[in-house]
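The structure under discussion appears below in the form of structure tokens.
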4 protein chains.
Amino acid sequence: MSEIKKVVLAYSGGLDTSVILKWLQTTYDCEVVTFTADLGQGEELEPARKKAEMLGIKPENIFIEDLREDFVRDYVFPMFRANAVYEGVYLLGTSIARPLIAKRQIEIARETGADAVCHGATGKGNDQVRFELGYYALNPDIHVISPWREWDLTSRTRLIDFAEQHQIPIAKDKRGEAPFSVDANLLHISAEGKVLEDPWDAPEEYVFSRSVSPEDAPDKATVITVDFEKGDPVAVDGEALSPAALLTRLNQLAGDNGIGRLDLVENRFVGMKSRGVYETPGGTILLTAHRAMESITLDRGAAHLKDELMPRYAELLYNGFWFSPEREMLQALIDKSQDKVNGQVRMKLYKGNVIVEGRQSKDSLYSMEHVTFEEDSVYDQRDAAGFIKLNALRLRLLKRQHN
Amino acid sequence: MSEIKKVVLAYSGGLDTSVILKWLQTTYDCEVVTFTADLGQGEELEPARKKAEMLGIKPENIFIEDLREDFVRDYVFPMFRANAVYEGVYLLGTSIARPLIAKRQIEIARETGADAVCHGATGKGNDQVRFELGYYALNPDIHVISPWREWDLTSRTRLIDFAEQHQIPIAKDKRGEAPFSVDANLLHISAEGKVLEDPWDAPEEYVFSRSVSPEDAPDKATVITVDFEKGDPVAVDGEALSPAALLTRLNQLAGDNGIGRLDLVENRFVGMKSRGVYETPGGTILLTAHRAMESITLDRGAAHLKDELMPRYAELLYNGFWFSPEREMLQALIDKSQDKVNGQVRMKLYKGNVIVEGRQSKDSLYSMEHVTFEEDSVYDQRDAAGFIKLNALRLRLLKRQHN
Amino acid sequence: MSEIKKVVLAYSGGLDTSVILKWLQTTYDCEVVTFTADLGQGEELEPARKKAEMLGIKPENIFIEDLREDFVRDYVFPMFRANAVYEGVYLLGTSIARPLIAKRQIEIARETGADAVCHGATGKGNDQVRFELGYYALNPDIHVISPWREWDLTSRTRLIDFAEQHQIPIAKDKRGEAPFSVDANLLHISAEGKVLEDPWDAPEEYVFSRSVSPEDAPDKATVITVDFEKGDPVAVDGEALSPAALLTRLNQLAGDNGIGRLDLVENRFVGMKSRGVYETPGGTILLTAHRAMESITLDRGAAHLKDELMPRYAELLYNGFWFSPEREMLQALIDKSQDKVNGQVRMKLYKGNVIVEGRQSKDSLYSMEHVTFEEDSVYDQRDAAGFIKLNALRLRLLKRQHN
Amino acid sequence: MSEIKKVVLAYSGGLDTSVILKWLQTTYDCEVVTFTADLGQGEELEPARKKAEMLGIKPENIFIEDLREDFVRDYVFPMFRANAVYEGVYLLGTSIARPLIAKRQIEIARETGADAVCHGATGKGNDQVRFELGYYALNPDIHVISPWREWDLTSRTRLIDFAEQHQIPIAKDKRGEAPFSVDANLLHISAEGKVLEDPWDAPEEYVFSRSVSPEDAPDKATVITVDFEKGDPVAVDGEALSPAALLTRLNQLAGDNGIGRLDLVENRFVGMKSRGVYETPGGTILLTAHRAMESITLDRGAAHLKDELMPRYAELLYNGFWFSPEREMLQALIDKSQDKVNGQVRMKLYKGNVIVEGRQSKDSLYSMEHVTFEEDSVYDQRDAAGFIKLNALRLRLLKRQHN
């Protein structure tokens with residue numbers, strides 16, 4: 001057991017991280033600093049403060065922060081510039097939140113003179129990797145504590161016993177196993193485990209919390225516009241909004257219209273497949289809107305290069321390599337392309353569908369004049385003959401020789 | 001003007017290709033062979049025979065073929081093994097039909113001793129490229145005639161005049177300009193041009209012909225299953241179907257449920273952007289189903305490699321390079337991965353949505369035993385510590401040195 | 001024939017471009033502006049001025065510029081940051097010079113109010129593409145004249161006749177066909193055509209002009225050092241040098257030691273294969289040195305991403321897409337990685353070989369402490385077990401299931 | 001400590017693996033099967049048999065096999081079809097030998113009913129990963145023993161003590177630490193560690209064993225030819241040779257001429273940089289020859305796709321993923337391209353240089369007729385105008401709009 005003096009714990013205020021808090025105190029005999037962040041998960045933060053105090057944390061060691069704007073502006077939006085989807089469909093809602101939490105923990109460790117950080121992710125998932133790669137990338141000498149890989153509280157019963165033994169309050173509904181585990185932030189909410197483990201069974205309606213089902217959504221479509229500047233959304237229906245406010249607005253609009261659900265079997269970085277059920281309502285609108293905005297403002301060469309590199313970028317995020325040189329290099333490439341991704345997209349939201357109805361931009365590269373069938377100054381149809389001939393040349397030589 | 005003896009014309013029986021037919025006869029003074037294929041575009045073929053005869057084509061020079069099974073089995077399905085989408089969303093319905101037509105034209109040219117082939121694609125689009133790259137790749141010495149780039153019938157009026165002058169029957173609704181141009185086959189129907197040219201305007205409902213709108217689709221969901229063998233769909237709702245029959249069935253199911261519409265501004269290979277409105281009902285189900293099938297049967301390494309190469313594959317198809325070494329190499333890579341993509345996917349079709357409800361396979365790599373939180377023989381949670389530490393090592397050394 | 005008022009000609013002062021100059025005057029009846037650049041091709045520029053004057057060009061229309069520093073700093077060095085090689089071996093010496101010439105021609109056209117530009121590249125090569133893509137990318141409305149594709153001076157005899165007819169002086173050795181054609185700049189000299197066309201025959205010694213053969217190089221090795229800052233070379237043997245001076249120095253050192261020859265059959269963008277014989281003496285040292293410098297200063301993730309994207313980057317340059325969004329995006333990615341590529345590389349030059357003897361850097365990521373077999377604080381050998389186990393997990397599940 | 005009944009040990013007969021053998025017997029109290037393979041490392045195998053017998057291994061448990069032909073045919077040649085180099089320069093000589101050893105160990109385990117395998121790679125290197133990924137991929141339930149990560153013989157002194165204690169003969173020169181560690185097979189020999197750890201110091205001449213230095217190589221060049229069939233070399237100087245015989249011949253020719261040395265700082269999969277000194281004499285010729293052969297027989301599309309995917313392929317091999325779906329998929333893609341890579345390459349070997357002098361093939365795509373400047377039936381120079389115009393179109397529209 002390493003000697004630890006002070007540890008910064010990612011603390012939600014819930015039962016599990018409260019048990020971790022107490023376990024750290026008893027196991028490492030060290031000072032604990034709690035860090036509780038509002039990333040839009042939709043929970044009050046003040047109870048976490050009270051609970052931390054109750055568990056003996058000094059007031060100056062309790063950090064509670066509203067990071068919603070940082071989260072959306074510095075993590076969610078850069079990711080959407082890339083049109084990132086993992087394995088064709090997943091919008092990376094969990095992955096993108098981890099780097100910011102890791103970063104703040106490391107910063108708070110520096111401010112408070114802590115020599116360790118601790119997270120509550122389990123030993124089978126991706127999040128442990130994401131947290132810890134973030135920690136190490138930002139402070140190579142930090143000590144990392146991962147209770148779920150270390151302790152012996154390996155069953156619900158033992159954990160509850162430990163909590164009772166240490167006077168940790170236990171909400172009634174926390175005594176038994178949860179039917180599935182949840183992660184939430186402003187971009188998404190995920191559910192996995194237990195009742196969701198058989199991939200042949202569809203998730204029950206009670207699993208969802210941010211969206212109505214398409215069936216229950218209104219029979220009448222909602223039409224909205226989203227404005228973009230340099231690749232980032234800046235307004236909804238003409239109203240300028242801060243990043244977090246904008247995503248909140250889109251979440252509401254999408255959730256009301258049954259948009260953004262995903263039921264997926266995915267490949268974890270740690271090597272096994274797992275089944276996740278996700279709701280990313282606003283993000284689903286955003287992806288469609290951003291692609292539509294790019295469709296008229298981005299050059300083909302830029303667009304195709306982005307498309308080819310996107311899976312790699314998404315994989316890096318999923319695997320926890322936000323703070324890596326290669327992610328930063330790809331981000332530089334992506335951001336370089338977004339200068340003229342300005343304009344407006346109009347969409348119809350209807351029972352699970354996001355339907356692009358129109359896109360316009362002062363920087364549009366779509367030129368009605370050039371797609372018409374009339375003669376114009378730029379495109380001479382006879383050029384096509386030469387274009388085809390030279391593109392075909394190697395294929396002709398190949399066929400002649402290799403038959 | 002080159003000396004042409006005999007030309008194989010891709011002939012639909014419609015006004016435009018009838019004009020081309022006559023123009024070939026008068027301009028090149030050559031024998032014309034017509035080739036009319038049923039790729040599932042939904043038109044009767046026999047009228048084309050009559051019309052060809054009427055325009056003086058010898059019976060032995062009239063080729064009419066039902067290629068629907070070849071089309072779906074040898075072109076559509078291989079493409080769907082790749083999960084190919086162009087620019088993030090387009091299912092390549094037009095692109096994938098051209099190679100087969102080109103191939104048959106070249107084969108018929110060989111059979112009939114023709115020295116030339118001719119298509120009716122315009123000089124601004126992608127199809128001219130796709131046809132001609134196909135022709136040249138399969139017969140480097142073939143002569144290619146592209147009337148729209150060569151003739152002076154550059155306005156509707158002139159074309160109609162030419163038709164009248166040569167006694168080509170003109171349907172009443174063909175006298176004026178069509179409000180948009182159409183391409184259709186069993187996989188999709190596309191609309192572009194004229195009334196669709198302003199990308200800020202949504203397409204009117206009359207543009208669509210293979211699907212009801214999501215709003216008009218039934219209020220009750222339809223649940224279906226699709227079975228796969230080696231990456232290809234083989235049955236719907238448990239009923240084994242031939243490739244074309246299967247796609248026809250999915251088209252019906254999807255079209256009835258408002259599925260498969262796409263309104264897109266895309267980048268043409270010839271250099272400008274264009275706006276297309278597509279319906280790919282069955283294909284939309286197929287893409288979702290295939291990805292879901294792969295999600296439990298494909299290894300992560302295989303899946304990610306496919307995802308990274310998909311945009312390149314899709315671009316090759318879009319640009320007309322089906323008959324190229326690089327497409328064949330990519331196909332070899334893709335096909336190599338599909339051996340165990342077997343099983344069944346259950347989906348709910350509802351007002352534009354294709355919702356995966358379940359997937360199962362005797363070859364499933366998803367293992368409920370390994371995702372549970374209990375100890376198992378393969379996954380030891382402590383392994384994660386080492387995994388993370390070594391993945392982090394380079395990042396730590398980097399931070400230490402480069403700060 | 002378009003109406004041209006004034007044209008900026010890339011003018012070498014040689015026979016061919018002098019003929020073009022006169023042909024422009026007589027064919028287009030337009031004013032000609034000559035642009036002659038010193039890119040290190042090793043020829044005097046003042047004779048070009050005299051010749052232009054003699055051919056009737058007004059003094060204010062004669063532009064003669066030493067662009068060697070711009071060339072090396074803004075084109076050659078950025079390319080070497082990417083370790084760019086085309087088709088595994090070619091250092092892109094011709095390709096990289098075209099964008100700068102095109103850029104200056106367009107700028108001079110703007111300054112002089114010219115409406116056209118003209119180059120002397122032939123109709124079968126890559127250079128016409130590189131020039132013209134550059135022109136169009138920088139001025140979409142410019143008129144481009146490509147005499148070799150337009151005129152009827154298609155044989156040497158006709159060209160000489162035209163020259164005589166127009167009192168253009170003809171050097172004695174220019175009357176006949178050259179045994180091969182040459183392109184030169186500070187980075188390289190190329191030879192192709194005629195006597196080099198059979199790829200089974202080795203080039204004769206007289207083809208080479210910038211390097212001795214390895215056999216004729218000194219029997220004693222020369223050891224040199226090159227210093228790098230942010231990925232660019234800044235000093236040789238400890239002496240700080242400007243970009244052009246540095247490349248000149250390396251050319252001398254390499255050429256003297258028989259370094260930098262390449263005999264290649266390559267794939268042209270216009271569709272056929274061609275055989276080129278290249279000398280890139282200094283560049284050959286530079287590539288080796290830069291890779292060695294990166295080997296201790298670049299993180300693995302950054303290095304591998306660069307390696308994977310390099311072929312694409314090289315292809316873009318070869319094909320003439322320097323001024324394209326995708327090249328600029330890739331450059332942004334590459335440049336992002338070079339901040340810490342600082343230090344010194346020591347090499348032995350010996351009869352065609354560039355042998356890395358040592359590399360050192362204050363930013364080195366190579367840590368002797370971590371590669372030794374002793375325990376250390378960062379690397380615990382037991383971590384390797386977990387690392388391997390989790391990397392193997394998917395393969396084990398795969399084997400179990402798919403056998 | 002797991003219960004082990006029988007273990008298959010990769011046994012060289014040297015001191016270290018003899019200590020491992022004895023350590024296995026004493027630690028696991030299990031039966032040991034020794035597997036000693038001739039991969040061309042240049043050592044007698046019979047002494048390994050005697051030593052194994054002396055250490056108490058039953059004759060039926062001693063496996064000694066000459067795998068040189070399997071190694072070159074099934075591993076080295078497929079890799080060279082890809083032109084694989086790691087980090088721009090390394091020919092992967094160590095990496096490529098591990099999969100075959102792992103495969104045979106697993107096969108022998110099956111034959112002998114062993115439940116475990118064991119290798120002698122250290123805990124800091126790549127080889128442990130390569131061996132173990134191979135083991136697990138081929139038998140997911142095998143037990144893997146990695147002594148260097150498990151035991152306490154962590155210093156040379158302890159290891160020697162253990163050897164003495166167990167009557168393991170110790171050669172005089174094995175008492176002290178070796179000045180560097182070595183790995184050898186028919187493709188290469190590597191040296192790393194100890195005296196080579198400072199990357200600023202050049203390796204001393206005594207480190208090299210398979211090649212003379214360029215300085216010591218003959219003053220007269222040697223000219224050779226290599227013939228290829230379907231991408232694999234089949235003859236040297238016209239003499240047909242088996243794979244292993246061919247590589248042996250090339251090793252001799254190259255080594256005599258100072259060819260194939262490499263001094264590199266590379267990035268290990270386990271996260272740190274290390275310095276390796278390699279000799280790959282025959283392989284160096286082979287890479288050059290194969291590329292030259294492809295240069296006239298491979299289509300551009302095929303060649304460029306291979307080039308773009310090569311770094312990924314090389315990384316997979318380096319990291320130990322030979323037996324992975326993604327490597328097999330890439331191999332399928334690569335092999336698909338090699339059907340017409342037939343012909344002959346002529347090279348000059350001279351003091352470290354491999355200089356291509358000529359290439360010829362009945363399947364050559366290089367056509368002297370098409371590169372000449374005369375008119376021909378396939379290439380019309382005017383086609384270039386259209387080709388350029390359409391390639392430029394998007395760049396022009398971009399400049400017009402985005403300036």
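By convention in this document, the chains of the structure tokens carry letters A, B, ... by their order, each chain's residues are numbered from 1, and ligands are numbered from 1 in the order they are shown.
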Selection: 10 Å around D:Val212, only C-alpha atoms, excl. self and same-chain fewer than 6 positions, as a VMD selection string
chain D and resid 205 218 254 to 261 351 to 352
For the residues in that selection, give me C-alpha atoms as a short mmCIF file (atom, residue, chain, number, x, y, z; two decimals), in the first residue's frame.
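Result file selection38.cif:
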data_model
loop_
_atom_site.label_atom_id
_atom_site.label_comp_id
_atom_site.auth_asym_id
_atom_site.auth_seq_id
_atom_site.Cartn_x
_atom_site.Cartn_y
_atom_site.Cartn_z
CA GLU D 205 31.85 -2.58 -35.13
CA PRO D 218 34.53 -4.78 -51.81
CA ALA D 254 24.09 -8.30 -49.01
CA GLY D 255 26.23 -8.98 -45.99
CA ASP D 256 29.32 -9.17 -48.18
CA ASN D 257 28.50 -5.76 -49.60
CA GLY D 258 27.82 -3.98 -46.32
CA ILE D 259 24.08 -3.85 -46.87
CA GLY D 260 21.26 -3.92 -44.34
CA ARG D 261 22.47 -2.21 -41.18
CA LYS D 351 29.20 -0.74 -50.15
CA GLY D 352 25.90 -0.49 -48.35
#
Do you have, as a tab-separated table, the list of residues of stretch 270-337 of chain C lying at most 12 Å from stretch 388-393 of chain B, each with its nearest atom pair and that distance in Å to one decimal, counting only C-alpha atoms and ordered by chain then number?
residue	atom	partner	partner_atom	distance
C:Asp299	CA	B:Leu393	CA	10.7
C:Arg300	CA	B:Leu393	CA	10.8
C:Gly301	CA	B:Asn391	CA	10.8
Those residues with C-alpha atoms, as a PDB file, in the first residue's frame please?
ATOM      1  CA  ASP C 299       5.557  10.558 -29.090  1.00  0.00           C
ATOM      2  CA  ARG C 300       4.532   7.242 -30.627  1.00  0.00           C
ATOM      3  CA  GLY C 301       0.952   8.302 -31.183  1.00  0.00           C
TER       4      GLY C 301
END
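Of note, atom CA of A:Val117 and atom CA of A:Val7 are spaced 5.0 Å apart.
Using only C-alpha atoms, the part of chain C that sits within 8 Å of chain A is made up of Val270, Gly271, Met272, Asp299, Gly301, Ala302, Leu305, Ser324, Pro325, Glu326, Glu328, Met329, Leu330, Gln331, Ala332, Leu333, Ile334, Lys336, Ser337, Leu390, Asn391, Ala392, Leu393, Arg394 and Leu397 of chain C.
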Can I get the selected residues back with C-alpha atoms, as a CSV table (one decimal), in the first residue's frame?
chain,number,residue,atom,x,y,z
C,270,VAL,CA,-2.4,11.8,-65.6
C,271,GLY,CA,-2.6,8.0,-65.7
C,272,MET,CA,0.5,6.5,-67.1
C,299,ASP,CA,5.6,10.6,-29.1
C,301,GLY,CA,1.0,8.3,-31.2
C,302,ALA,CA,2.1,11.4,-33.0
C,305,LEU,CA,-0.4,9.2,-37.1
C,324,SER,CA,-6.1,22.7,-51.3
C,325,PRO,CA,-8.0,22.6,-48.0
C,326,GLU,CA,-7.0,19.1,-47.4
C,328,GLU,CA,-3.6,22.7,-45.5
C,329,MET,CA,-5.5,20.6,-43.0
C,330,LEU,CA,-2.8,17.9,-43.1
C,331,GLN,CA,-0.1,20.5,-42.7
C,332,ALA,CA,-1.9,21.8,-39.6
C,333,LEU,CA,-1.9,18.3,-38.2
C,334,ILE,CA,1.8,17.8,-39.0
C,336,LYS,CA,1.1,20.6,-34.5
C,337,SER,CA,3.5,17.7,-33.9
C,390,LEU,CA,-6.6,-7.1,-21.9
C,391,ASN,CA,-5.1,-6.8,-25.4
C,392,ALA,CA,-5.6,-10.5,-25.8
C,393,LEU,CA,-9.1,-10.6,-24.5
C,394,ARG,CA,-11.0,-10.0,-27.7
C,397,LEU,CA,-13.2,-14.6,-27.1
Open item on the list: With DSSP run on the backbone, what are the strand (DSSP E) residues within stretch 154-318 of chain D? I'd like them as a PyMOL selection string.
Closed with: chain D and resi 181-184+189-192+222-229+232-236+239-240+261-267+273-279
DSSP helix (DSSP H, G or I) residues within stretch 44-181 of chain D, as a ChimeraX atom specification
/D:46-54,59-61,68-81,95-112,127-138,147-150,156-165,172-174
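Non-sequential neighbours of D:Arg104 (distance at most 12 Å, separation of 4 or more positions within a chain, only C-alpha atoms) are D:Val8, D:Leu9, D:Ala10, D:Thr34, D:Phe35, D:Thr36, D:Ala37, D:Phe63, D:Ile64, D:Glu65, D:Asp66, D:Leu67, D:Asp70, D:Phe71, D:Ala97, D:Arg98, D:Pro99, D:Leu100, D:Ile108, D:Ala109, D:Arg110, D:Glu111, D:Thr112, D:Val117, D:Phe131, D:Gly134, D:Tyr135, D:Leu138, D:Asn139.
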Quiz item: Could you name the residues that touch D:Gln338 at 10 Å or less, counting only C-alpha atoms, but leaving out those on the same chain fewer than 5 positions away, as a ChimeraX atom specification?
Solution: /D:81-82,229-232,294,297-298,302,333
Save out the residues we just selected, C-alpha atoms, as an mmCIF file, in the first residue's frame.
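Listed below is the output, out-v8.cif:
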data_model
loop_
_atom_site.group_PDB
_atom_site.id
_atom_site.type_symbol
_atom_site.label_atom_id
_atom_site.label_comp_id
_atom_site.auth_asym_id
_atom_site.auth_seq_id
_atom_site.Cartn_x
_atom_site.Cartn_y
_atom_site.Cartn_z
ATOM 1 C CA ARG D 81 4.386 -8.329 -50.118
ATOM 2 C CA ALA D 82 3.228 -5.422 -47.977
ATOM 3 C CA GLU D 229 6.236 -14.602 -59.051
ATOM 4 C CA LYS D 230 3.001 -13.295 -57.587
ATOM 5 C CA GLY D 231 4.908 -10.903 -55.412
ATOM 6 C CA ASP D 232 7.325 -13.419 -53.951
ATOM 7 C CA GLU D 294 5.712 -3.468 -58.202
ATOM 8 C CA THR D 297 3.445 -4.230 -62.548
ATOM 9 C CA LEU D 298 1.109 -2.654 -60.040
ATOM 10 C CA ALA D 302 -3.464 -0.615 -55.949
ATOM 11 C CA LEU D 333 -6.184 -7.006 -49.476
#
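Taking atom CA of A:Val72 and atom CA of A:Ile96 as the two end points, the separation is 9.6 Å.
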Of D:Ser95, D:Gln344, D:Ser274, D:Gln360, the one nearest to D:Asp227 when counting only C-alpha atoms is D:Gln344
- [ ] For B:Arg275, list every protein, DNA or RNA residue within 10 Å, evaluated using only C-alpha atoms, and leave out those in the same chain fewer than 5 positions away; present the list as a PyMOL selection string.
- [x] (chain A and resi 295-296+366+368+371) or (chain B and resi 191-193+196-199+263-268)
Serialized selection, C-alpha atoms, as an mmCIF file, in the first residue's frame:
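Full text of result.cif as output:
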data_model
loop_
_atom_site.group_PDB
_atom_site.id
_atom_site.type_symbol
_atom_site.label_atom_id
_atom_site.label_comp_id
_atom_site.auth_asym_id
_atom_site.auth_seq_id
_atom_site.Cartn_x
_atom_site.Cartn_y
_atom_site.Cartn_z
ATOM 1 C CA SER A 295 -22.657 19.961 -46.809
ATOM 2 C CA ILE A 296 -22.903 23.423 -48.355
ATOM 3 C CA TYR A 366 -23.348 25.245 -53.500
ATOM 4 C CA MET A 368 -27.280 26.946 -58.340
ATOM 5 C CA VAL A 371 -25.592 22.688 -61.251
ATOM 6 C CA ALA B 191 -34.699 13.051 -57.719
ATOM 7 C CA GLU B 192 -32.634 16.067 -58.606
ATOM 8 C CA GLY B 193 -32.600 19.280 -60.540
ATOM 9 C CA LEU B 196 -35.103 20.834 -56.088
ATOM 10 C CA GLU B 197 -32.257 23.179 -56.772
ATOM 11 C CA ASP B 198 -32.674 25.548 -53.861
ATOM 12 C CA PRO B 199 -31.242 23.708 -50.854
ATOM 13 C CA ASP B 263 -32.412 15.106 -48.672
ATOM 14 C CA LEU B 264 -28.758 15.854 -49.274
ATOM 15 C CA VAL B 265 -26.323 18.323 -50.757
ATOM 16 C CA GLU B 266 -23.459 16.176 -51.991
ATOM 17 C CA ASN B 267 -20.106 16.663 -53.676
ATOM 18 C CA ARG B 268 -19.992 15.340 -57.207
#
Spatial neighbours of C:Asn251, 10 Å, only C-alpha atoms, chain gap at least 5 places, as a PyMOL selection string: chain C and resi 186-188+210-211+245-246+256-257+259-260+279-286
